[in-house]
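K.L.:
Contents of query-v9.cif (mmCIF, C-alpha atoms and all ligand atoms):
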```cif
data_coords
#
loop_
_atom_site.label_atom_id
_atom_site.label_comp_id
_atom_site.auth_asym_id
_atom_site.auth_seq_id
_atom_site.Cartn_x
_atom_site.Cartn_y
_atom_site.Cartn_z
CA MET A 134 -5.19 108.51 23.98
CA PRO A 135 -2.87 105.96 25.61
CA LEU A 136 0.71 107.17 26.05
CA VAL A 137 3.44 104.83 24.77
CA ALA A 138 4.92 104.80 28.29
CA PRO A 139 3.84 106.24 31.65
CA PHE A 140 5.16 109.77 32.20
CA ARG A 141 5.93 110.54 35.85
CA THR A 142 6.51 114.04 37.18
CA SER A 143 6.76 115.45 40.69
CA PHE A 144 2.96 115.89 40.70
CA GLY A 145 1.74 112.60 39.28
CA VAL A 146 1.85 109.88 36.63
CA GLU A 147 0.19 110.24 33.23
CA THR A 148 -0.63 107.01 31.41
CA GLU A 149 -3.08 108.48 28.92
CA ARG A 150 -3.92 111.87 27.51
CA ASP A 151 -7.48 113.10 27.84
CA VAL A 152 -7.65 115.49 24.88
CA LEU A 153 -10.09 118.35 24.42
CA LEU A 154 -10.24 119.74 20.88
CA VAL A 155 -12.09 122.85 19.75
CA ARG A 156 -13.32 123.10 16.19
CA ALA A 157 -14.35 126.54 14.96
CA ALA A 158 -16.85 126.11 12.12
CA THR A 159 -16.91 129.29 10.05
CA PRO A 160 -18.46 130.21 6.71
CA ASP A 161 -14.90 130.16 5.29
CA GLY A 162 -14.04 126.73 6.70
CA ASP A 163 -13.00 125.05 9.91
CA GLY A 164 -10.19 125.70 12.37
CA TRP A 165 -8.81 123.57 15.20
CA GLY A 166 -7.46 124.35 18.65
CA GLU A 167 -6.16 121.85 21.19
CA CYS A 168 -6.76 122.60 24.86
CA VAL A 169 -3.66 121.56 26.82
CA ALA A 170 -5.39 121.16 30.20
CA MET A 171 -4.64 117.75 31.73
CA SER A 172 -7.40 115.49 33.05
CA GLU A 173 -6.63 116.50 36.66
CA PRO A 174 -5.79 119.95 38.07
CA LEU A 175 -2.25 119.00 39.23
CA TYR A 176 0.05 120.87 36.83
CA SER A 177 -2.16 123.95 37.16
CA PRO A 178 -5.76 124.66 38.27
CA GLU A 179 -7.27 123.90 34.86
CA TYR A 180 -8.44 120.41 33.87
CA ALA A 181 -9.98 119.10 30.66
CA ASP A 182 -13.58 118.62 31.82
CA GLY A 183 -13.49 122.01 33.55
CA ALA A 184 -12.16 123.63 30.38
CA ALA A 185 -14.94 122.02 28.33
CA ASP A 186 -17.47 123.37 30.83
CA VAL A 187 -16.12 126.93 30.92
CA ILE A 188 -15.91 126.98 27.12
CA ALA A 189 -19.49 125.78 26.67
CA ARG A 190 -21.03 127.96 29.39
CA PHE A 191 -19.00 131.17 29.44
CA LEU A 192 -16.39 131.52 26.70
CA ALA A 193 -17.89 130.27 23.45
CA PRO A 194 -21.20 132.12 24.05
CA ARG A 195 -19.25 135.40 24.22
CA LEU A 196 -17.62 134.71 20.86
CA LEU A 197 -20.80 133.41 19.26
CA ALA A 198 -22.71 136.52 20.38
CA ALA A 199 -20.09 138.88 18.97
CA GLY A 200 -20.90 138.35 15.31
CA GLU A 201 -17.89 138.40 13.03
CA VAL A 202 -14.82 137.52 15.11
CA GLY A 203 -11.20 137.58 13.98
CA PRO A 204 -8.21 136.15 15.88
CA LEU A 205 -7.25 139.56 17.29
CA ASP A 206 -10.72 139.94 18.85
CA VAL A 207 -10.79 136.71 20.84
CA ALA A 208 -8.65 137.64 23.85
CA ARG A 209 -10.47 140.96 24.28
CA LEU A 210 -13.91 139.31 24.10
CA LEU A 211 -12.91 136.65 26.65
CA GLU A 212 -11.06 139.02 28.96
CA PRO A 213 -13.97 139.56 31.40
CA VAL A 214 -13.81 135.87 32.35
CA ARG A 215 -10.97 135.48 34.88
CA GLY A 216 -8.27 132.90 34.35
CA HIS A 217 -8.99 129.75 32.29
CA ARG A 218 -6.14 130.58 29.97
CA MET A 219 -5.85 127.08 28.53
CA ALA A 220 -9.54 127.11 27.59
CA LYS A 221 -9.20 130.58 26.07
CA ALA A 222 -6.08 129.57 24.15
CA ALA A 223 -7.89 126.65 22.53
CA LEU A 224 -10.65 128.97 21.29
CA GLU A 225 -8.24 131.60 20.01
CA THR A 226 -6.17 128.95 18.24
CA ALA A 227 -9.24 127.49 16.51
CA VAL A 228 -10.31 130.95 15.31
CA LEU A 229 -6.77 131.79 14.20
CA ASP A 230 -6.48 128.47 12.35
CA ALA A 231 -9.77 129.01 10.48
CA TRP A 232 -8.75 132.58 9.64
CA LEU A 233 -5.28 131.57 8.40
CA ARG A 234 -6.63 128.64 6.36
CA ALA A 235 -9.06 131.01 4.64
CA ARG A 236 -6.10 133.29 3.81
CA ASP A 237 -3.87 130.39 2.80
CA GLU A 238 -1.20 131.45 5.29
CA SER A 239 0.62 129.13 7.70
CA PHE A 240 0.94 129.59 11.47
CA GLY A 241 4.71 129.84 11.03
CA SER A 242 4.46 132.60 8.46
CA TYR A 243 1.88 134.52 10.53
CA LEU A 244 3.81 134.24 13.79
CA GLY A 245 7.15 135.18 12.22
CA ALA A 246 9.02 131.88 11.92
CA VAL A 247 12.55 132.17 10.56
CA ARG A 248 13.40 128.44 10.33
CA ASP A 249 11.87 125.53 8.45
CA ARG A 250 12.71 123.01 11.19
CA VAL A 251 13.35 123.18 14.92
CA PRO A 252 15.75 121.24 17.15
CA ALA A 253 13.90 118.70 19.28
CA GLY A 254 14.42 118.03 22.96
CA VAL A 255 12.72 115.35 25.00
CA SER A 256 11.34 115.38 28.52
CA VAL A 257 12.20 112.23 30.48
CA GLY A 258 9.98 111.27 33.41
CA ILE A 259 10.98 110.15 36.89
CA MET A 260 11.86 106.45 36.75
CA ASP A 261 11.86 103.60 39.27
CA SER A 262 15.64 103.25 39.14
CA ILE A 263 18.77 104.87 37.73
CA PRO A 264 19.41 101.97 35.29
CA ALA A 265 15.88 102.43 33.91
CA LEU A 266 16.59 106.16 33.46
CA ILE A 267 19.90 105.49 31.72
CA ASP A 268 18.12 103.08 29.32
CA ALA A 269 15.42 105.65 28.54
CA VAL A 270 17.94 108.45 27.93
CA ALA A 271 20.11 106.15 25.77
CA GLY A 272 17.06 105.33 23.64
CA TYR A 273 16.23 109.00 23.08
CA LEU A 274 19.83 109.94 22.28
CA ASP A 275 19.97 107.05 19.78
CA GLN A 276 16.89 108.46 18.09
CA GLY A 277 18.70 111.78 17.73
CA TYR A 278 17.11 114.03 20.36
CA LEU A 279 19.34 117.07 20.78
CA ARG A 280 18.54 117.92 24.39
CA ILE A 281 17.49 115.89 27.42
CA LYS A 282 15.28 117.23 30.19
CA LEU A 283 15.07 115.18 33.36
CA LYS A 284 12.06 115.51 35.62
CA ILE A 285 13.21 115.84 39.23
CA GLU A 286 11.69 115.87 42.71
CA PRO A 287 13.14 115.74 46.23
CA GLY A 288 14.97 112.39 46.43
CA TRP A 289 15.33 112.11 42.62
CA ASP A 290 17.65 114.95 41.69
CA VAL A 291 21.43 114.98 42.20
CA GLU A 292 21.98 111.22 41.74
CA PRO A 293 20.04 110.77 38.49
CA VAL A 294 21.62 113.92 37.05
CA ARG A 295 25.09 112.71 38.06
CA ALA A 296 24.40 109.27 36.54
CA VAL A 297 23.25 110.73 33.21
CA ARG A 298 26.24 113.09 33.05
CA GLU A 299 28.69 110.28 33.88
CA ARG A 300 27.19 107.88 31.36
CA PHE A 301 26.62 110.27 28.42
CA GLY A 302 29.31 112.89 28.94
CA SER A 303 29.54 116.64 29.15
CA GLU A 304 28.48 117.28 25.54
CA VAL A 305 24.84 116.32 26.02
CA LEU A 306 22.56 119.33 26.42
CA LEU A 307 20.93 118.59 29.77
CA GLN A 308 18.38 120.39 31.94
CA VAL A 309 15.97 119.55 34.77
CA ASP A 310 12.35 120.35 35.62
CA ALA A 311 11.01 120.21 39.19
CA ASN A 312 7.39 121.26 38.53
CA ALA A 313 7.42 123.38 41.68
CA ALA A 314 8.42 120.51 44.00
CA TYR A 315 10.99 122.38 46.16
CA THR A 316 11.09 125.28 48.60
CA LEU A 317 13.79 127.81 49.32
CA ALA A 318 14.85 125.56 52.23
CA ASP A 319 16.12 123.11 49.55
CA ALA A 320 18.58 125.66 48.13
CA ARG A 321 21.59 123.49 49.07
CA VAL A 322 20.35 120.47 47.12
CA LEU A 323 19.53 122.67 44.15
CA ALA A 324 22.96 124.33 44.36
CA ALA A 325 24.52 120.85 44.24
CA LEU A 326 23.17 120.62 40.68
CA ASP A 327 25.56 123.45 39.73
CA ASP A 328 28.30 120.80 39.35
CA PHE A 329 26.64 119.26 36.31
CA ASP A 330 26.68 122.11 33.82
CA LEU A 331 22.92 122.14 33.26
CA LEU A 332 21.38 124.50 30.71
CA LEU A 333 18.76 125.47 33.26
CA ILE A 334 16.64 124.39 36.18
CA GLU A 335 12.95 124.73 35.42
CA GLN A 336 10.36 125.83 37.98
CA PRO A 337 12.10 124.71 41.17
CA LEU A 338 9.70 126.53 43.52
CA ALA A 339 5.95 127.12 43.67
CA GLU A 340 4.25 129.06 40.90
CA ASP A 341 3.52 132.08 43.12
CA ASP A 342 7.07 132.20 44.53
CA LEU A 343 8.50 134.86 42.19
CA ARG A 344 10.39 136.62 44.96
CA GLN A 345 11.74 133.35 46.32
CA HIS A 346 12.91 132.38 42.82
CA ALA A 347 14.81 135.67 42.68
CA GLU A 348 16.45 134.80 46.00
CA LEU A 349 17.26 131.29 44.85
CA ALA A 350 18.76 132.67 41.64
CA ARG A 351 21.36 134.49 43.73
CA LEU A 352 22.39 131.18 45.34
CA LEU A 353 22.75 129.17 42.10
CA ARG A 354 25.03 129.36 39.08
CA THR A 355 22.59 127.34 36.97
CA PRO A 356 20.07 129.67 35.29
CA ILE A 357 16.50 129.44 36.54
CA CYS A 358 13.80 128.95 33.91
CA LEU A 359 10.16 129.54 34.80
CA ASP A 360 7.21 127.56 33.48
CA GLU A 361 4.15 127.47 35.81
CA SER A 362 4.87 130.97 37.20
CA ILE A 363 4.48 132.70 33.84
CA GLU A 364 0.83 133.10 32.83
CA SER A 365 1.15 136.30 30.76
CA ALA A 366 3.59 138.74 29.18
CA LYS A 367 3.12 140.86 32.31
CA ASP A 368 4.30 137.95 34.49
CA ALA A 369 7.26 137.46 32.15
CA ALA A 370 8.25 141.14 32.46
CA ASP A 371 7.96 140.98 36.27
CA ALA A 372 9.98 137.77 36.50
CA LEU A 373 12.79 139.04 34.26
CA LEU A 374 13.00 142.44 35.97
CA LEU A 375 12.91 140.84 39.43
CA GLY A 376 15.70 138.42 38.51
CA ALA A 377 13.42 135.44 39.22
CA CYS A 378 14.52 133.78 35.97
CA ARG A 379 16.86 134.22 33.03
CA ILE A 380 14.98 131.85 30.72
CA ILE A 381 11.28 131.24 30.03
CA ASN A 382 9.52 128.06 28.95
CA VAL A 383 6.79 129.41 26.66
CA LYS A 384 3.65 127.30 26.59
CA PRO A 385 0.91 128.99 24.58
CA GLY A 386 -1.86 127.22 26.50
CA ARG A 387 -0.53 128.40 29.86
CA VAL A 388 -0.47 132.05 28.75
CA GLY A 389 -3.80 132.18 26.91
CA GLY A 390 -2.71 131.60 23.32
CA TYR A 391 -0.15 132.00 20.56
CA LEU A 392 -0.53 135.78 20.36
CA GLU A 393 0.38 136.23 24.05
CA ALA A 394 3.14 133.63 23.58
CA ARG A 395 4.58 135.76 20.79
CA ARG A 396 4.46 138.83 23.07
CA ILE A 397 6.53 136.93 25.63
CA HIS A 398 8.99 136.00 22.90
CA ASP A 399 9.28 139.66 21.82
CA LEU A 400 9.68 140.88 25.39
CA ALA A 401 12.31 138.28 26.25
CA GLN A 402 14.23 139.10 23.08
CA ALA A 403 14.25 142.80 24.00
CA HIS A 404 15.46 141.81 27.45
CA GLY A 405 18.19 139.50 26.13
CA ALA A 406 16.57 136.45 27.75
CA ALA A 407 16.27 133.08 26.05
CA VAL A 408 12.94 131.34 25.51
CA TRP A 409 12.05 127.83 24.40
CA CYS A 410 8.81 126.11 23.56
CA GLY A 411 7.38 123.80 26.22
CA GLY A 412 5.07 120.87 25.71
CA MET A 413 1.90 119.49 27.26
CA LEU A 414 1.85 116.05 25.62
CA GLU A 415 0.00 117.56 22.65
CA THR A 416 -1.44 115.67 19.72
CA GLY A 417 -0.25 116.63 16.24
CA LEU A 418 -2.71 119.55 16.21
CA GLY A 419 -1.19 121.34 19.19
CA ARG A 420 2.28 120.21 18.16
CA ALA A 421 1.93 121.83 14.73
CA ALA A 422 1.36 125.25 16.26
CA ASN A 423 4.08 124.76 18.88
CA VAL A 424 6.64 123.83 16.24
CA ALA A 425 5.68 126.94 14.24
CA LEU A 426 6.16 129.11 17.35
CA ALA A 427 9.49 127.43 18.16
CA ALA A 428 10.75 128.59 14.75
CA LEU A 429 10.72 132.27 15.84
CA PRO A 430 14.18 133.83 16.16
CA GLY A 431 14.21 134.20 19.96
CA PHE A 432 13.58 130.49 20.54
CA THR A 433 17.27 129.75 20.96
CA LEU A 434 17.05 126.58 23.06
CA PRO A 435 15.62 123.22 21.92
CA GLY A 436 12.00 122.77 23.03
CA ASP A 437 9.89 119.93 24.41
CA THR A 438 8.72 119.53 20.82
CA SER A 439 9.36 115.83 20.41
CA ALA A 440 8.16 113.54 17.62
CA SER A 441 4.65 112.05 17.78
CA ASP A 442 5.98 108.56 18.59
CA ARG A 443 7.49 109.79 21.86
CA TYR A 444 3.88 110.12 23.05
CA PHE A 445 1.42 108.11 20.97
CA ALA A 446 1.39 104.95 18.87
CA GLN A 447 -1.31 106.64 16.76
CA ASP A 448 -1.46 110.43 16.60
CA VAL A 449 -4.59 112.35 15.63
CA THR A 450 -2.79 113.82 12.60
CA SER A 451 -0.13 112.36 10.36
CA PRO A 452 2.82 112.02 12.71
CA PHE A 453 5.59 114.52 13.39
CA VAL A 454 8.86 112.69 12.89
CA LEU A 455 12.42 113.28 14.01
CA GLU A 456 14.87 113.94 11.19
CA ASP A 457 18.44 114.56 12.20
CA GLY A 458 17.22 115.64 15.65
CA HIS A 459 14.79 118.17 14.20
CA VAL A 460 11.06 118.44 13.57
CA ALA A 461 9.84 120.16 10.39
CA VAL A 462 7.68 123.29 10.64
CA PRO A 463 4.43 122.67 8.74
CA THR A 464 4.08 124.83 5.64
CA GLY A 465 0.40 124.30 4.74
CA ALA A 466 -2.32 126.84 5.50
CA GLY A 467 -3.20 127.34 9.17
CA LEU A 468 -1.81 124.57 11.35
CA GLY A 469 -0.85 122.73 8.18
CA VAL A 470 -2.18 119.43 9.56
CA GLU A 471 -5.68 117.96 9.84
CA PRO A 472 -7.18 115.38 12.16
CA LEU A 473 -7.32 112.00 10.40
CA PRO A 474 -11.12 111.49 10.18
CA ASP A 475 -11.16 107.79 11.12
CA VAL A 476 -8.75 108.28 14.00
CA LEU A 477 -10.73 111.25 15.28
CA VAL A 478 -13.96 109.25 15.19
CA SER A 479 -12.40 106.25 16.91
CA LEU A 480 -10.99 108.39 19.76
CA THR A 481 -13.96 110.68 20.32
CA THR A 482 -15.88 110.02 23.53
CA SER A 483 -18.16 113.05 23.42
CA THR A 484 -18.92 116.06 21.27
CA THR A 485 -20.77 119.28 22.06
CA TRP A 486 -21.92 121.63 19.30
CA LEU A 487 -22.54 125.24 20.29
CA PRO A 488 -24.56 126.89 17.52
CA ALA A 489 -24.20 130.59 16.75
CA GLY A 490 -27.10 132.97 17.37
O1 LIG A 501 5.00 117.55 25.75
O2 LIG A 501 6.96 116.61 25.78
C1 LIG A 501 5.99 117.08 26.35
C2 LIG A 501 5.99 117.12 27.85
C3 LIG A 501 6.97 118.10 28.35
O3 LIG A 501 7.70 117.92 30.58
C4 LIG A 501 6.86 118.34 29.84
N1 LIG A 501 5.80 119.04 30.27
O4 LIG A 501 6.22 120.97 33.21
O5 LIG A 501 7.09 121.19 31.30
C5 LIG A 501 6.35 120.59 32.07
C6 LIG A 501 5.58 119.36 31.65
C7 LIG A 501 4.11 119.55 31.86
C8 LIG A 501 3.27 118.39 31.50
S1 LIG A 501 3.58 117.04 32.48
C9 LIG A 501 2.29 115.95 32.38
MG MG A 502 7.80 122.42 33.17
#
```
Would you give me this structure, written as structure tokens?
Ligand code: SMG
Ligand code: MG
P.N.:
Amino acid sequence: MPLVAPFRTSFGVETERDVLLVRAATPDGDGWGECVAMSEPLYSPEYADGAADVIARFLAPRLLAAGEVGPLDVARLLEPVRGHRMAKAALETAVLDAWLRARDESFGSYLGAVRDRVPAGVSVGIMDSIPALIDAVAGYLDQGYLRIKLKIEPGWDVEPVRAVRERFGSEVLLQVDANAAYTLADARVLAALDDFDLLLIEQPLAEDDLRQHAELARLLRTPICLDESIESAKDAADALLLGACRIINVKPGRVGGYLEARRIHDLAQAHGAAVWCGGMLETGLGRAANVALAALPGFTLPGDTSASDRYFAQDVTSPFVLEDGHVAVPTGAGLGVEPLPDVLVSLTTSTTWLPAG
């Protein structure tokens, strides 16, 4: 799916989204899960073709051999396979969606949503120039986005943040995301961001640098938020207790599914830490579940849950739209959205059916 504009981060440029969808066909009806792995293993080790392979060869066969499988069984059945959380999450989501649709219950209701709409933030890529960045941010603020996240990397950090603060004022909710592009040796540059009253700095150091994040946290006033480092509720507990972060970006794909994501929410709430819902350039299918999750009570910061038109001219589902800076939580059964059949057909490049038995 072509993106409406290139999206540049510290690890690369995305111009299109290579989407892997899982459809669980059950006697009670279908369910859908979107795998958030990117086409290349740059954000994390998983990538879309690899996820399709591990699903077809190792994960789906375990579910298909297990007979009757409910959503609470999936993680346990897939546990012997190491890693591949994004692939596992897509399977669990598809099973959960089919199960909820059969029970006529929505994702939001099942997960424990307490709101019918969620505040929307937007993630703004690294640009070629500061004027181009200012134009992009102005466009998003005009549309009503309630929080701006700037992607940063060494050489594109203090100046763009200063420019956005100077142009749009101190009221704008502003945060940055480094996607692991710095080391502890950059602590002085990162501390210079303290002047700009940011909500948080996301994943400044490498994903396996929990101890270094704890050290960095002592040198900064701006709260550290972890994304790539948190692959499970166990990681979240370690990070919070170590002082490696005060805030967690919850991405269900990164942690193996919505049930583990909810555990991180519960744990963070008990710990008094804020969480927010991240994004992986999802289609409407993944977005529907993310928006439902973001409606849980502990999601106290706006998420990267933008409207469909921030990503795609034509979404796979009917589009999520921004209303008054918010996105509505779907209320229909399961995800509450379906793939539009013609759009799905026109975008599909390959399909693999894995029969039961
Ligand atoms: O879905 O709006 C979105 C993208 C949000 O910045 C975003 N995601 O590290 O948080 C992150 C990145 C990961 C994907 S970048 C291609
Ligand atoms: Mg991030």
K.L.:
Can you pull out the residues contacting Cys358 of chain A? Cut-off 10 Å, using all atoms listed in the file, and skip same-chain residues under 6 positions away; I want them as a list of chain:residue names.
P.N.:
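Contacts, in chain order: A:Gln308, A:Val309, A:Asp310, A:Leu332, A:Leu333, A:Ile334, A:Glu335, A:Gln336, A:Pro337, A:His346, A:Ala350, A:Ala372, A:Ala377, A:Cys378, A:Arg379, A:Ile380, A:Ile381, A:Asn382, A:Ala407, A:Val408, A:Trp409.
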K.L.:
Need to verify the contact set: segment 285-296 of chain A, 6 Å, all atoms listed in the file, exclusion of same-chain residues closer than 4 positions in sequence. Can you return it as a PyMOL selection string?
P.N.:
chain A and resi 143+310-311+314
K.L.:
Which residues are close to Ala246 of chain A, i.e. within 7 Å by all atoms listed in the file, leaving aside same-chain residues fewer than 3 positions away? Reply as number ranges by chain.
P.N.:
A: 241-242, 425-426, 428-430
K.L.:
Nearest residue to Ala324 of chain A out of A:Tyr273, A:Ala446, A:Arg300, A:Thr355, using all atoms listed in the file?
P.N.:
A:Thr355
K.L.:
Listed atoms of ligand LIG 501 (chain A), axis-aligned box, 6 Å per side: centre and edge lengths to one decimal in Å, as AutoDock Vina command-line options?
P.N.:
```
--center_x 5.0 --center_y 118.6 --center_z 29.5 --size_x 17.4 --size_y 17.2 --size_z 19.5
```
K.L.:
From the list A:Ala170, A:Met260, A:Leu359, A:Leu197, which residue is nearest ligand MG 502 (chain A) when using all atoms listed in the file?
P.N.:
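Of all the options, A:Leu359 lies closest to ligand MG 502 (chain A).
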K.L.:
Go through A:Leu487, A:Ala253, A:Met219, A:Val322 and flag the residue nearest Glu364 of chain A, using only C-alpha atoms for the distances.
P.N.:
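Answer, going by the shortest atom-to-atom distance: A:Met219.
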K.L.:
Using all atoms listed in the file, what does the table of chain A residues within 9 Å of ligand LIG 501 (chain A) look like, with each row giving the shortest atom pair and its distance in Å to one decimal, sorted by chain and ascending number, as a tab-separated table?
P.N.:
```
residue	atom	partner	partner_atom	distance
A:Phe140	CA	A:LIG501	C9	6.8
A:Arg141	CA	A:LIG501	C9	7.4
A:Thr142	CA	A:LIG501	S1	6.3
A:Ser143	CA	A:LIG501	S1	8.9
A:Phe144	CA	A:LIG501	S1	8.3
A:Gly145	CA	A:LIG501	C9	7.7
A:Val146	CA	A:LIG501	C9	7.4
A:Glu147	CA	A:LIG501	C9	6.1
A:Arg150	CA	A:LIG501	C9	8.9
A:Val169	CA	A:LIG501	C8	8.9
A:Met171	CA	A:LIG501	C9	7.2
A:Leu175	CA	A:LIG501	C9	8.8
A:Tyr176	CA	A:LIG501	C7	6.6
A:Gly254	CA	A:LIG501	O2	8.1
A:Val255	CA	A:LIG501	O2	5.9
A:Ser256	CA	A:LIG501	O3	4.9
A:Val257	CA	A:LIG501	O3	7.3
A:Gly258	CA	A:LIG501	O3	7.6
A:Lys282	CA	A:LIG501	O3	7.6
A:Leu283	CA	A:LIG501	O3	8.3
A:Lys284	CA	A:LIG501	O3	7.1
A:Asp310	CA	A:LIG501	O4	6.6
A:Ala311	CA	A:LIG501	O4	7.7
A:Asn312	CA	A:LIG501	O4	5.5
A:Ala313	CA	A:LIG501	O4	8.9
A:Glu335	CA	A:LIG501	O5	8.0
A:Gln336	CA	A:LIG501	O4	8.0
A:Asp360	CA	A:LIG501	O4	6.7
A:Glu361	CA	A:LIG501	O4	7.3
A:Asn382	CA	A:LIG501	O5	7.7
A:Lys384	CA	A:LIG501	O5	8.4
A:Gly411	CA	A:LIG501	O5	5.7
A:Gly412	CA	A:LIG501	O1	3.3
A:Met413	CA	A:LIG501	O1	4.0
A:Leu414	CA	A:LIG501	O1	3.5
A:Glu415	CA	A:LIG501	O1	5.9
A:Arg420	CA	A:LIG501	O1	8.5
A:Gly436	CA	A:LIG501	O2	8.4
A:Asp437	CA	A:LIG501	O2	4.6
A:Thr438	CA	A:LIG501	O2	6.0
A:Ser439	CA	A:LIG501	O2	5.9
A:Ala440	CA	A:LIG501	O2	8.8
A:Arg443	CA	A:LIG501	O2	7.9
A:Tyr444	CA	A:LIG501	O2	7.7
```
